[in-house]
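The structure file query.txt is reproduced below (compact mmCIF, C-alpha atoms).
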```
# COMPACT_ATOMS: atom_id res chain seq x y z
CA MET A 1 23.85 -2.27 -44.26
CA LEU A 2 26.46 0.24 -45.58
CA ASP A 3 26.32 1.44 -49.17
CA PRO A 4 29.77 1.04 -50.78
CA THR A 5 29.12 3.88 -53.21
CA ALA A 6 28.87 6.23 -50.25
CA PHE A 7 32.69 6.41 -50.16
CA LEU A 8 32.91 7.66 -53.79
CA PRO A 9 33.06 11.44 -54.34
CA SER A 10 30.44 13.11 -56.46
CA LEU A 11 31.55 13.47 -60.09
CA SER A 12 29.86 16.87 -60.21
CA ALA A 13 32.34 18.13 -57.58
CA VAL A 14 35.27 17.60 -59.99
CA PRO A 15 35.82 20.79 -62.06
CA PRO A 16 35.92 20.32 -65.86
CA VAL A 17 39.34 20.19 -67.51
CA PRO A 18 39.73 22.25 -70.70
CA THR A 19 40.05 20.10 -73.71
CA PRO A 20 42.82 21.06 -76.21
CA PRO A 21 41.85 21.65 -79.79
CA PHE A 22 40.90 18.66 -81.82
CA CYS A 23 40.81 16.43 -78.69
CA GLY A 24 37.08 16.08 -78.94
CA SER A 25 37.24 14.80 -82.53
CA VAL A 26 36.79 11.16 -83.12
CA ALA A 27 38.18 9.76 -86.35
CA PRO A 28 35.62 7.79 -88.29
CA LYS A 29 36.28 4.18 -89.11
CA GLY A 30 38.51 3.86 -92.19
CA GLY A 31 39.33 7.64 -92.28
CA SER A 32 42.64 9.41 -91.70
CA VAL A 33 43.54 11.87 -88.95
CA LEU A 34 44.08 14.61 -91.53
CA SER A 35 40.55 14.29 -92.86
CA ALA A 36 39.23 14.49 -89.27
CA ILE A 37 41.29 17.65 -88.59
CA LEU A 38 40.16 19.22 -91.85
CA ALA A 39 36.56 18.44 -91.01
CA ASP A 40 36.91 20.23 -87.63
CA LEU A 41 38.41 23.46 -89.08
CA ASN A 42 36.30 26.66 -89.12
CA TRP A 43 36.41 27.27 -92.86
CA GLU A 44 34.18 30.36 -92.70
CA LEU A 45 36.53 32.02 -90.21
CA LEU A 46 39.57 31.16 -92.37
CA ALA A 47 37.83 32.55 -95.40
CA VAL A 48 37.08 35.83 -93.59
CA LEU A 49 40.70 36.06 -92.35
CA VAL A 50 42.06 35.52 -95.88
CA ALA A 51 39.66 38.09 -97.28
CA VAL A 52 40.52 40.69 -94.61
CA SER A 53 44.27 40.06 -95.07
CA ALA A 54 43.93 40.44 -98.83
CA VAL A 55 41.99 43.72 -98.47
CA VAL A 56 44.43 45.15 -95.93
CA ALA A 57 47.43 44.07 -98.08
CA TYR A 58 45.88 45.57 -101.15
CA VAL A 59 45.13 48.82 -99.38
CA GLY A 60 48.69 48.94 -97.95
CA ASP A 61 50.19 48.26 -101.34
CA VAL A 62 48.08 50.97 -102.95
CA VAL A 63 48.98 53.45 -100.22
CA GLY A 64 52.67 52.51 -100.47
CA MET A 65 52.67 52.94 -104.26
CA ARG A 66 51.01 56.33 -103.99
CA ILE A 67 53.37 57.44 -101.31
CA GLY A 68 56.28 56.20 -103.45
CA LYS A 69 54.97 57.96 -106.57
CA LYS A 70 54.37 61.16 -104.74
CA ARG A 71 57.66 60.71 -103.05
CA ILE A 72 56.14 61.55 -99.70
CA SER A 73 58.55 61.63 -96.85
CA LEU A 74 57.47 60.85 -93.28
CA PHE A 75 59.45 62.01 -90.32
CA GLY A 76 62.17 63.25 -92.63
CA LEU A 77 62.81 59.82 -94.14
CA ARG A 78 63.49 59.12 -97.75
CA PRO A 79 60.56 58.12 -99.90
CA ARG A 80 61.93 54.61 -100.25
CA HIS A 81 62.21 54.28 -96.50
CA THR A 82 58.79 55.86 -96.04
CA SER A 83 57.36 53.21 -98.39
CA SER A 84 59.00 50.50 -96.31
CA VAL A 85 57.51 51.99 -93.14
CA VAL A 86 54.09 52.08 -94.77
CA THR A 87 54.51 48.46 -95.84
CA ALA A 88 55.52 47.50 -92.29
CA LEU A 89 52.57 49.39 -90.84
CA THR A 90 50.34 47.63 -93.35
CA GLY A 91 51.63 44.24 -92.06
CA VAL A 92 50.98 45.38 -88.54
CA LEU A 93 47.48 46.44 -89.47
CA ILE A 94 46.97 43.08 -91.18
CA THR A 95 48.03 41.28 -87.98
CA LEU A 96 45.86 43.51 -85.75
CA ALA A 97 42.90 43.16 -88.07
CA THR A 98 43.38 39.43 -88.15
CA LEU A 99 43.49 39.26 -84.35
CA MET A 100 40.44 41.53 -84.05
CA VAL A 101 38.43 39.49 -86.49
CA VAL A 102 39.45 36.20 -84.92
CA SER A 103 38.70 37.53 -81.42
CA ALA A 104 35.32 38.80 -82.49
CA ALA A 105 34.50 35.54 -84.17
CA SER A 106 35.78 33.06 -81.49
CA GLU A 107 35.45 33.16 -77.68
CA THR A 108 38.26 30.61 -77.42
CA VAL A 109 40.66 33.00 -79.18
CA ARG A 110 39.64 35.85 -76.89
CA THR A 111 40.25 33.61 -73.90
CA ALA A 112 43.64 32.55 -75.30
CA LEU A 113 44.67 36.11 -75.95
CA LEU A 114 43.38 37.75 -72.79
CA GLY A 115 43.59 34.98 -70.10
CA MET A 116 46.13 32.51 -71.30
CA LYS A 117 48.17 32.56 -68.09
CA PHE A 118 45.05 32.28 -65.95
CA VAL A 119 43.89 29.36 -68.05
CA GLN A 120 47.30 27.72 -67.76
CA ARG A 121 47.27 28.12 -64.00
CA GLN A 122 43.70 26.74 -63.89
CA VAL A 123 44.70 23.81 -66.08
CA THR A 124 47.65 23.11 -63.81
CA ASP A 125 45.44 23.26 -60.68
CA LEU A 126 42.76 21.12 -62.25
CA THR A 127 45.35 18.63 -63.38
CA GLY A 128 46.63 18.39 -59.79
CA GLN A 129 43.09 18.05 -58.48
CA LEU A 130 42.38 15.41 -61.08
CA GLN A 131 45.45 13.48 -60.01
CA GLN A 132 44.47 13.82 -56.36
CA ASN A 133 40.91 12.72 -57.17
CA ARG A 134 42.29 9.74 -59.05
CA GLN A 135 44.40 8.82 -56.01
CA ASP A 136 41.36 9.34 -53.75
CA LEU A 137 39.30 7.24 -56.14
CA GLU A 138 41.90 4.46 -56.00
CA SER A 139 41.92 4.70 -52.20
CA LEU A 140 38.13 4.66 -52.13
CA GLU A 141 38.10 1.68 -54.49
CA PHE A 142 40.48 -0.11 -52.15
CA ARG A 143 38.33 0.80 -49.16
CA LEU A 144 35.29 -0.26 -51.18
CA PHE A 145 36.86 -3.68 -51.76
CA GLN A 146 37.63 -3.95 -48.06
CA SER A 147 34.08 -2.82 -47.19
CA GLN A 148 32.68 -5.36 -49.63
CA GLU A 149 34.73 -8.09 -47.97
CA GLU A 150 33.56 -6.93 -44.54
CA LEU A 151 30.06 -6.65 -45.91
CA GLN A 152 30.21 -10.22 -47.16
CA LYS A 153 31.51 -11.36 -43.77
CA LYS A 154 28.74 -9.44 -42.04
CA ALA A 155 26.21 -10.80 -44.53
CA ARG A 156 27.38 -14.33 -43.71
CA ALA A 157 27.24 -13.49 -40.00
CA LEU A 158 23.78 -11.97 -40.54
CA GLY A 159 22.67 -15.14 -42.30
CA GLU A 160 23.90 -17.20 -39.36
CA VAL A 161 22.15 -14.80 -36.97
CA GLU A 162 18.96 -15.07 -39.00
CA LYS A 163 19.19 -18.86 -38.88
CA ARG A 164 19.72 -18.74 -35.13
CA LEU A 165 16.90 -16.20 -34.89
CA ILE A 166 14.59 -18.52 -36.80
CA GLN A 167 15.59 -21.42 -34.54
CA GLU A 168 15.20 -19.28 -31.43
CA GLY A 169 11.86 -17.97 -32.76
CA ALA A 170 10.64 -21.54 -33.13
CA ALA A 171 11.94 -22.32 -29.63
CA LEU A 172 10.28 -19.14 -28.37
CA ARG A 173 6.95 -20.11 -29.91
CA GLU A 174 7.26 -23.54 -28.39
CA ALA A 175 8.14 -22.01 -25.02
CA LYS A 176 5.20 -19.60 -25.41
CA ASP A 177 2.87 -22.52 -26.08
CA ARG A 178 4.24 -24.32 -23.03
CA LEU A 179 3.85 -21.11 -21.01
CA GLU A 180 0.24 -20.71 -22.10
CA GLU A 181 -0.40 -24.33 -21.21
CA ALA A 182 1.30 -23.81 -17.85
CA GLN A 183 -0.72 -20.63 -17.27
CA SER A 184 -3.93 -22.49 -18.08
CA HIS A 185 -2.88 -25.31 -15.75
CA THR A 186 -1.94 -22.72 -13.10
CA LYS A 187 -5.34 -21.06 -13.48
CA ASP A 188 -7.03 -24.43 -13.03
CA LEU A 189 -4.88 -25.05 -9.97
CA GLU A 190 -5.72 -21.59 -8.62
CA ASP A 191 -9.42 -22.26 -9.15
CA ARG A 192 -9.08 -25.59 -7.38
CA ARG A 193 -7.07 -23.89 -4.66
CA ALA A 194 -9.76 -21.21 -4.23
CA LEU A 195 -12.41 -23.95 -4.10
CA LEU A 196 -10.35 -25.90 -1.58
CA GLU A 197 -9.82 -22.74 0.46
CA VAL A 198 -13.58 -22.16 0.49
CA GLN A 199 -14.13 -25.78 1.46
CA LEU A 200 -11.39 -25.48 4.09
CA ALA A 201 -12.97 -22.33 5.49
CA ASP A 202 -16.34 -24.11 5.51
CA LEU A 203 -14.78 -27.11 7.25
CA GLN A 204 -13.03 -24.84 9.72
CA SER A 205 -16.32 -23.05 10.36
CA GLN A 206 -18.02 -26.40 10.78
CA LYS A 207 -15.18 -27.49 13.04
CA THR A 208 -15.56 -24.31 15.09
CA ASN A 209 -19.32 -24.75 15.29
CA LEU A 210 -18.83 -28.42 16.11
CA SER A 211 -16.29 -27.51 18.77
CA ARG A 212 -18.72 -25.00 20.21
CA SER A 213 -21.51 -27.54 20.02
CA VAL A 214 -19.31 -30.14 21.67
CA ALA A 215 -18.28 -27.63 24.32
CA LYS A 216 -21.91 -26.65 24.79
CA LEU A 217 -22.96 -30.30 24.97
CA GLN A 218 -20.12 -31.00 27.34
CA GLY A 219 -21.24 -28.07 29.46
CA GLU A 220 -24.82 -29.23 29.33
CA ALA A 221 -23.73 -32.78 30.14
CA LYS A 222 -21.65 -31.47 33.00
CA ALA A 223 -24.57 -29.34 34.17
CA LEU A 224 -26.88 -32.33 33.82
CA ARG A 225 -24.46 -34.51 35.78
CA GLU A 226 -24.13 -31.85 38.40
CA GLY A 227 -27.89 -31.37 38.39
CA LEU A 228 -28.42 -35.09 38.64
CA GLN A 229 -25.95 -35.26 41.47
CA GLN A 230 -27.62 -32.35 43.14
CA VAL A 231 -31.03 -33.95 42.63
CA ARG A 232 -29.69 -37.11 44.18
CA GLU A 233 -28.34 -35.09 47.07
CA GLY A 234 -31.57 -33.09 47.29
CA ARG A 235 -29.94 -29.68 46.85
CA ILE A 236 -31.77 -28.36 43.72
CA ALA A 237 -33.70 -25.20 44.54
CA VAL A 238 -34.91 -24.15 41.06
CA LEU A 239 -35.20 -26.06 37.79
CA ALA A 240 -34.44 -24.53 34.39
CA GLY A 241 -37.62 -23.18 32.77
CA GLU A 242 -39.51 -23.03 36.07
CA LEU A 243 -41.98 -20.19 36.55
CA LEU A 244 -40.66 -18.09 39.42
CA SER A 245 -43.31 -15.35 39.44
CA GLN A 246 -45.67 -13.40 37.23
CA LEU A 247 -47.10 -9.92 37.47
CA PRO A 248 -50.02 -8.32 35.61
CA VAL A 249 -49.32 -4.68 34.77
CA GLU A 250 -52.06 -2.17 33.99
CA PRO A 251 -51.25 0.61 31.49
CA LYS A 252 -51.97 3.38 34.00
CA GLU A 253 -49.80 1.72 36.62
CA ARG A 254 -46.91 0.93 34.29
CA THR A 255 -43.48 1.91 35.57
CA PRO A 256 -40.94 -0.41 33.91
CA ARG A 257 -38.27 -0.38 36.60
CA ARG A 258 -40.73 -0.62 39.47
CA SER A 259 -42.54 -3.48 37.71
CA LEU A 260 -39.29 -5.43 37.31
CA ASP A 261 -38.35 -4.89 40.94
CA LEU A 262 -41.79 -6.06 42.06
CA LEU A 263 -41.50 -9.14 39.82
CA LEU A 264 -38.13 -10.02 41.34
CA ASP A 265 -39.45 -9.44 44.90
CA ARG A 266 -42.37 -11.81 44.29
CA ALA A 267 -39.98 -14.44 42.97
CA SER A 268 -37.71 -14.07 46.02
CA GLN A 269 -40.64 -14.31 48.43
CA GLY A 270 -42.10 -17.31 46.62
CA LEU A 271 -38.77 -19.19 46.66
CA ALA A 272 -38.17 -18.26 50.31
CA ALA A 273 -41.61 -19.60 51.27
CA ARG A 274 -41.07 -22.79 49.26
CA LEU A 275 -37.58 -23.42 50.64
CA ALA A 276 -38.44 -22.34 54.18
CA LYS A 277 -35.86 -19.60 54.03
CA SER A 278 -35.98 -15.90 54.73
CA PRO A 279 -36.22 -13.57 51.69
CA GLU A 280 -32.71 -12.27 52.46
CA GLN A 281 -31.29 -15.79 52.00
CA VAL A 282 -32.75 -16.13 48.48
CA SER A 283 -31.24 -14.12 45.55
CA VAL A 284 -33.12 -13.69 42.28
CA ALA A 285 -31.55 -11.38 39.67
CA LEU A 286 -31.43 -10.36 36.01
CA ASP A 287 -28.24 -9.77 34.05
CA GLU A 288 -27.76 -6.42 32.33
CA GLU A 289 -28.76 -7.67 28.88
CA GLU A 290 -31.94 -9.31 30.13
CA ARG A 291 -32.86 -6.22 32.17
CA ALA A 292 -32.42 -3.93 29.16
CA LYS A 293 -34.49 -6.31 27.05
CA ALA A 294 -37.30 -6.38 29.66
CA LEU A 295 -37.34 -2.58 29.94
CA ALA A 296 -37.61 -2.31 26.18
CA LEU A 297 -40.56 -4.76 26.17
CA LEU A 298 -42.41 -2.74 28.80
CA SER A 299 -41.68 0.62 27.16
CA GLY A 300 -42.84 -0.40 23.70
CA THR A 301 -46.55 -1.15 24.33
CA ALA A 302 -49.53 0.62 25.86
CA ASP A 303 -51.95 -2.27 26.58
CA ARG A 304 -52.35 -4.48 29.63
CA ARG A 305 -49.38 -6.84 29.93
CA VAL A 306 -48.37 -9.77 32.06
CA LEU A 307 -44.75 -10.33 33.00
CA ARG A 308 -43.36 -13.76 33.69
CA LEU A 309 -40.02 -14.51 35.31
CA ILE A 310 -38.61 -17.88 34.13
CA ALA A 311 -35.50 -19.54 35.57
CA ARG A 312 -32.71 -19.68 32.98
CA SER A 313 -30.93 -22.69 34.49
CA ASN A 314 -30.92 -25.04 37.42
CA ALA A 315 -29.88 -23.47 40.69
CA VAL A 316 -28.87 -25.07 43.97
CA LEU A 317 -29.42 -23.80 47.43
CA GLY A 318 -27.39 -20.69 48.14
CA GLU A 319 -26.81 -19.76 44.45
CA THR A 320 -28.19 -16.68 42.74
CA VAL A 321 -31.13 -17.60 40.54
CA TYR A 322 -30.90 -15.82 37.19
CA GLY A 323 -34.10 -15.43 35.26
CA GLN A 324 -35.43 -14.15 31.98
CA VAL A 325 -38.49 -11.97 31.55
CA GLN A 326 -41.33 -12.81 29.17
CA SER A 327 -44.03 -10.29 28.33
CA PHE A 328 -47.48 -11.20 27.00
CA ARG A 329 -50.58 -9.20 26.16
CA SER A 330 -53.17 -9.80 28.91
CA VAL A 331 -56.87 -9.99 27.98
CA VAL A 332 -59.98 -11.62 29.44
CA VAL A 333 -60.10 -15.19 28.16
CA VAL A 334 -62.99 -16.60 30.25
CA LYS A 335 -65.92 -14.69 31.76
CA GLU A 336 -67.10 -15.28 35.33
CA GLY A 337 -69.67 -18.11 35.56
CA GLU A 338 -68.88 -19.52 32.12
CA VAL A 339 -69.27 -23.30 31.88
CA LEU A 340 -65.90 -24.68 30.90
CA ALA A 341 -66.82 -28.40 30.93
CA ALA A 342 -69.90 -30.51 31.73
CA ARG A 343 -70.82 -34.17 31.78
CA GLU A 344 -73.81 -36.39 32.63
CA VAL A 345 -73.05 -38.82 35.49
CA PRO A 346 -75.41 -41.76 36.13
CA SER A 347 -76.55 -42.71 39.58
CA GLY A 348 -74.63 -45.27 41.55
CA THR A 349 -71.25 -43.97 40.57
CA SER A 350 -68.52 -45.11 42.93
CA PRO A 351 -66.08 -42.65 44.54
CA GLU A 352 -63.20 -43.95 42.39
CA GLU A 353 -65.25 -43.40 39.22
CA ALA A 354 -66.29 -39.98 40.50
CA GLU A 355 -62.62 -39.01 41.01
CA GLN A 356 -61.79 -40.21 37.51
CA ILE A 357 -64.69 -38.23 36.03
CA LEU A 358 -63.60 -35.04 37.79
CA HIS A 359 -60.00 -35.54 36.70
CA VAL A 360 -61.17 -35.89 33.10
CA LEU A 361 -63.30 -32.75 33.37
CA LEU A 362 -60.46 -30.76 34.89
CA ARG A 363 -58.09 -31.91 32.10
CA GLU A 364 -60.67 -30.81 29.54
CA VAL A 365 -60.91 -27.42 31.26
CA ASN A 366 -57.11 -27.15 31.28
CA GLN A 367 -56.82 -27.94 27.57
CA LYS A 368 -59.71 -25.65 26.67
CA VAL A 369 -58.42 -22.56 28.43
CA VAL A 370 -54.88 -23.17 27.12
CA ARG A 371 -56.23 -23.26 23.57
CA ARG A 372 -58.09 -20.02 24.27
CA GLY A 373 -54.88 -18.29 25.37
CA VAL A 374 -54.31 -18.85 29.06
CA LEU A 375 -50.60 -19.24 29.83
CA PRO A 376 -49.82 -22.65 31.39
CA ASP A 377 -47.11 -23.46 33.86
CA PRO A 378 -43.90 -24.03 31.82
CA LEU A 379 -42.98 -27.25 33.64
CA ARG A 380 -46.29 -28.88 34.53
CA GLY A 381 -48.49 -27.44 31.80
CA THR A 382 -51.29 -26.63 34.29
CA VAL A 383 -53.21 -23.37 34.44
CA GLY A 384 -54.61 -23.42 37.98
CA ASN A 385 -55.21 -25.35 41.17
CA LEU A 386 -58.34 -26.76 42.75
CA SER A 387 -58.38 -27.22 46.52
CA ALA A 388 -58.57 -30.80 47.75
CA THR A 389 -61.57 -29.93 49.93
CA GLU A 390 -63.63 -28.75 46.96
CA PHE A 391 -62.46 -31.63 44.78
CA TYR A 392 -63.40 -34.32 47.28
CA ASP A 393 -66.59 -32.52 48.15
CA GLY A 394 -67.62 -32.87 44.51
CA VAL A 395 -66.61 -36.54 44.55
CA GLU A 396 -68.78 -37.11 47.62
CA ARG A 397 -71.81 -35.41 46.06
CA ILE A 398 -71.53 -37.52 42.93
CA ALA A 399 -71.05 -40.79 44.84
CA GLU A 400 -73.97 -40.12 47.23
CA SER A 401 -76.45 -39.09 44.52
CA ARG A 402 -79.30 -41.53 43.94
CA THR A 403 -80.15 -39.98 40.62
CA SER A 404 -78.16 -39.00 37.57
CA LEU A 405 -76.41 -35.65 37.76
CA THR A 406 -75.00 -33.03 35.45
CA VAL A 407 -71.54 -32.18 36.69
CA SER A 408 -70.26 -28.78 35.42
CA VAL A 409 -67.03 -26.85 35.94
CA LEU A 410 -67.64 -23.08 36.04
CA ALA A 411 -65.29 -20.12 36.21
CA GLN A 412 -65.36 -18.44 39.60
CA LYS A 413 -64.30 -15.07 38.15
CA ASP A 414 -62.99 -13.43 35.00
CA ILE A 415 -59.88 -15.26 33.86
CA TYR A 416 -57.10 -13.30 32.14
CA THR A 417 -54.29 -14.55 29.99
CA GLU A 418 -51.96 -15.01 32.94
CA GLY A 419 -54.47 -17.07 34.91
CA PRO A 420 -54.76 -18.75 37.30
CA VAL A 421 -57.93 -20.53 36.32
CA ALA A 422 -60.21 -20.54 39.40
CA VAL A 423 -63.13 -22.92 38.98
CA ARG A 424 -65.91 -24.47 41.02
CA ILE A 425 -67.74 -27.79 40.62
CA VAL A 426 -71.51 -27.63 40.33
CA THR A 427 -73.77 -30.70 40.36
CA LYS A 428 -77.41 -30.49 39.29
CA ALA A 429 -80.18 -32.89 38.57
CA PRO A 430 -81.11 -33.03 34.89
```

Please render this file's structure as structure tokens.
Amino acid sequence: MLDPTAFLPSLSAVPPVPTPPFCGSVAPKGGSVLSAILADLNWELLAVLVAVSAVVAYVGDVVGMRIGKKRISLFGLRPRHTSSVVTALTGVLITLATLMVVSAASETVRTALLGMKFVQRQVTDLTGQLQQNRQDLESLEFRLFQSQEELQKKARALGEVEKRLIQEGAALREAKDRLEEAQSHTKDLEDRRALLEVQLADLQSQKTNLSRSVAKLQGEAKALREGLQQVREGRIAVLAGELLSQLPVEPKERTPRRSLDLLLDRASQGLAARLAKSPEQVSVALDEEERAKALALLSGTADRRVLRLIARSNAVLGETVYGQVQSFRSVVVVKEGEVLAAREVPSGTSPEEAEQILHVLLREVNQKVVRRGVLPDPLRGTVGNLSATEFYDGVERIAESRTSLTVSVLAQKDIYTEGPVAVRIVTKAP
């Protein structure tokens, strides 16, 4: 806001105007102007002037009388004229003395005597400046009135602006509150969106896994249908999980690559013999990943191992059979001659009962050696084979015995983890 007094000139910038004599006197209430003037006179100075004039006049008169009595003549003048000259000089001296005394006693008189013209010029200039300042003051007063009117207009406009500002401030606070509420709602929506995105990603992952599972199940179903069809047509050569071959490997004889090749050769020869084909017509192989895994298994241990080659999937005649290698630690599980199962058989046992008894004993042997660590056949769960001749020979001995017998199943030799379990049937009287 503008200050109206800023347009007014400083009063200290206006030079002082000399005041004429007696202008500063103020007549008291009820008094006359003459009494005021008389009160302002310098009576001491007047008294000094009168005294000096009287002394100078007296001295001049005395000198004139003496000159007249002595009839002194100056410059060839008559005494009477000389007395007149002395009287005139005395008046001059009186005037000079008066001026000197007054000048010595009053600075104003000195100024009037010595710088009257300068003072007059200064008074004239100051009077002009005063008039100009008065005009400027009037102009400034006019401008001040105009500024005050503009200021009032601007004040009214400012009041309206302040009212609008207050209204807009209230609207702004309301909008800010709505914005904060919207931001809070937006944050909640973003949180829900993030949660939904996580749930969507989870559902998509589940969908992908489900699609893979469905595809896998469809593939397995297709493979099963094809396998079933092939079984019906009699063209299945190898079943998934079937034991193709196994190979015990001694630590001193261990050469990983040679052991794998030998394992594959045994599988090819076994399949060729079973299918009545030549070994060149049967293909058994390992993929690169399975071969690297098998080599790592063989290179990482230093004890006796047994390698097993298991079919990964069903294979028909003419297809390459892909297998996977399993490696197990091979140790002696059963010592040679160890009794694996035994049972008392009464006399008069029929051949059918004898067969049943031997089957039970052989199942016990199978379960016992499996629990002790012998690896069974993956499909059939058996650990060995007993020739039909020896089996029925034992049945005949039991059926023909006239006394009770102890039937035992003994290990023919040391049995390792990989098997097979070779046994013999021994019958003895109690």

Give me the residues within 8 Å of Ser283 in chain A as a PyMOL selection string, counting only C-alpha atoms and dropping any in the same chain fewer than 2 places off. chain A and resi 268+279-281+285+319-321

A straight line from CA of Thr255 in chain A to CA of Gly270 in chain A spans 22.2 Å

So what do you get for CA of Ser259 in chain A versus CA of Asp414 in chain A, distance-wise? 22.9 Å

Can you measure CA of Leu260 in chain A to CA of Leu297 in chain A for me? One decimal in Å is fine.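 If I compute the distance from CA of Leu260 in chain A to CA of Leu297 in chain A, I get 11.2 Å.
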
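Here the question is which of A:Val119, A:Ile166, A:Val365, A:Leu217 gets nearest to Val334 in chain A using all atoms listed in the file, and that residue is A:Val365.
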
For Leu263 in chain A, which residue among A:Arg173, A:Arg291, A:Lys187, A:Lys428 is the nearest when counting only C-alpha atoms? A:Arg291

With distances taken over all atoms listed in the file, which of A:Leu386, A:Val198, A:Val345, A:Leu264 is nearest to Arg424 in chain A? A:Leu386

For Leu375 in chain A, the nearest of the candidates A:Gln122, A:Gln246, A:Ser299, A:Ser408, counting all atoms listed in the file: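 Closest to Leu375 in chain A, using all atoms listed in the file: A:Gln246.
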
Counting all atoms listed in the file, the option among A:Ala292, A:Val86, A:Ala237, A:Ser53 closest to Arg66 in chain A: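 Closest candidate: A:Val86.
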
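Distance check against Leu362 in chain A using only C-alpha atoms: of A:Glu396, A:Ala422, A:Glu289, A:Ser350, the minimum falls on A:Ala422.
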
For Tyr392 in chain A, find every residue with an atom within 12 Å (counting only C-alpha atoms), except residues of its own chain fewer than 2 positions away, and show them as an MDAnalysis selection string. chainID A and resid 351:352 354:359 386:390 394:399 424:425

Once 8 Å is added on each side, what centre and edge lengths in Å to one decimal does the axis-aligned box around all listed atoms of range 179-194 of chain A have, as AutoDock Vina command-line options?
```
--center_x -3.0 --center_y -23.1 --center_z -13.2 --size_x 29.6 --size_y 21.0 --size_z 33.9
```
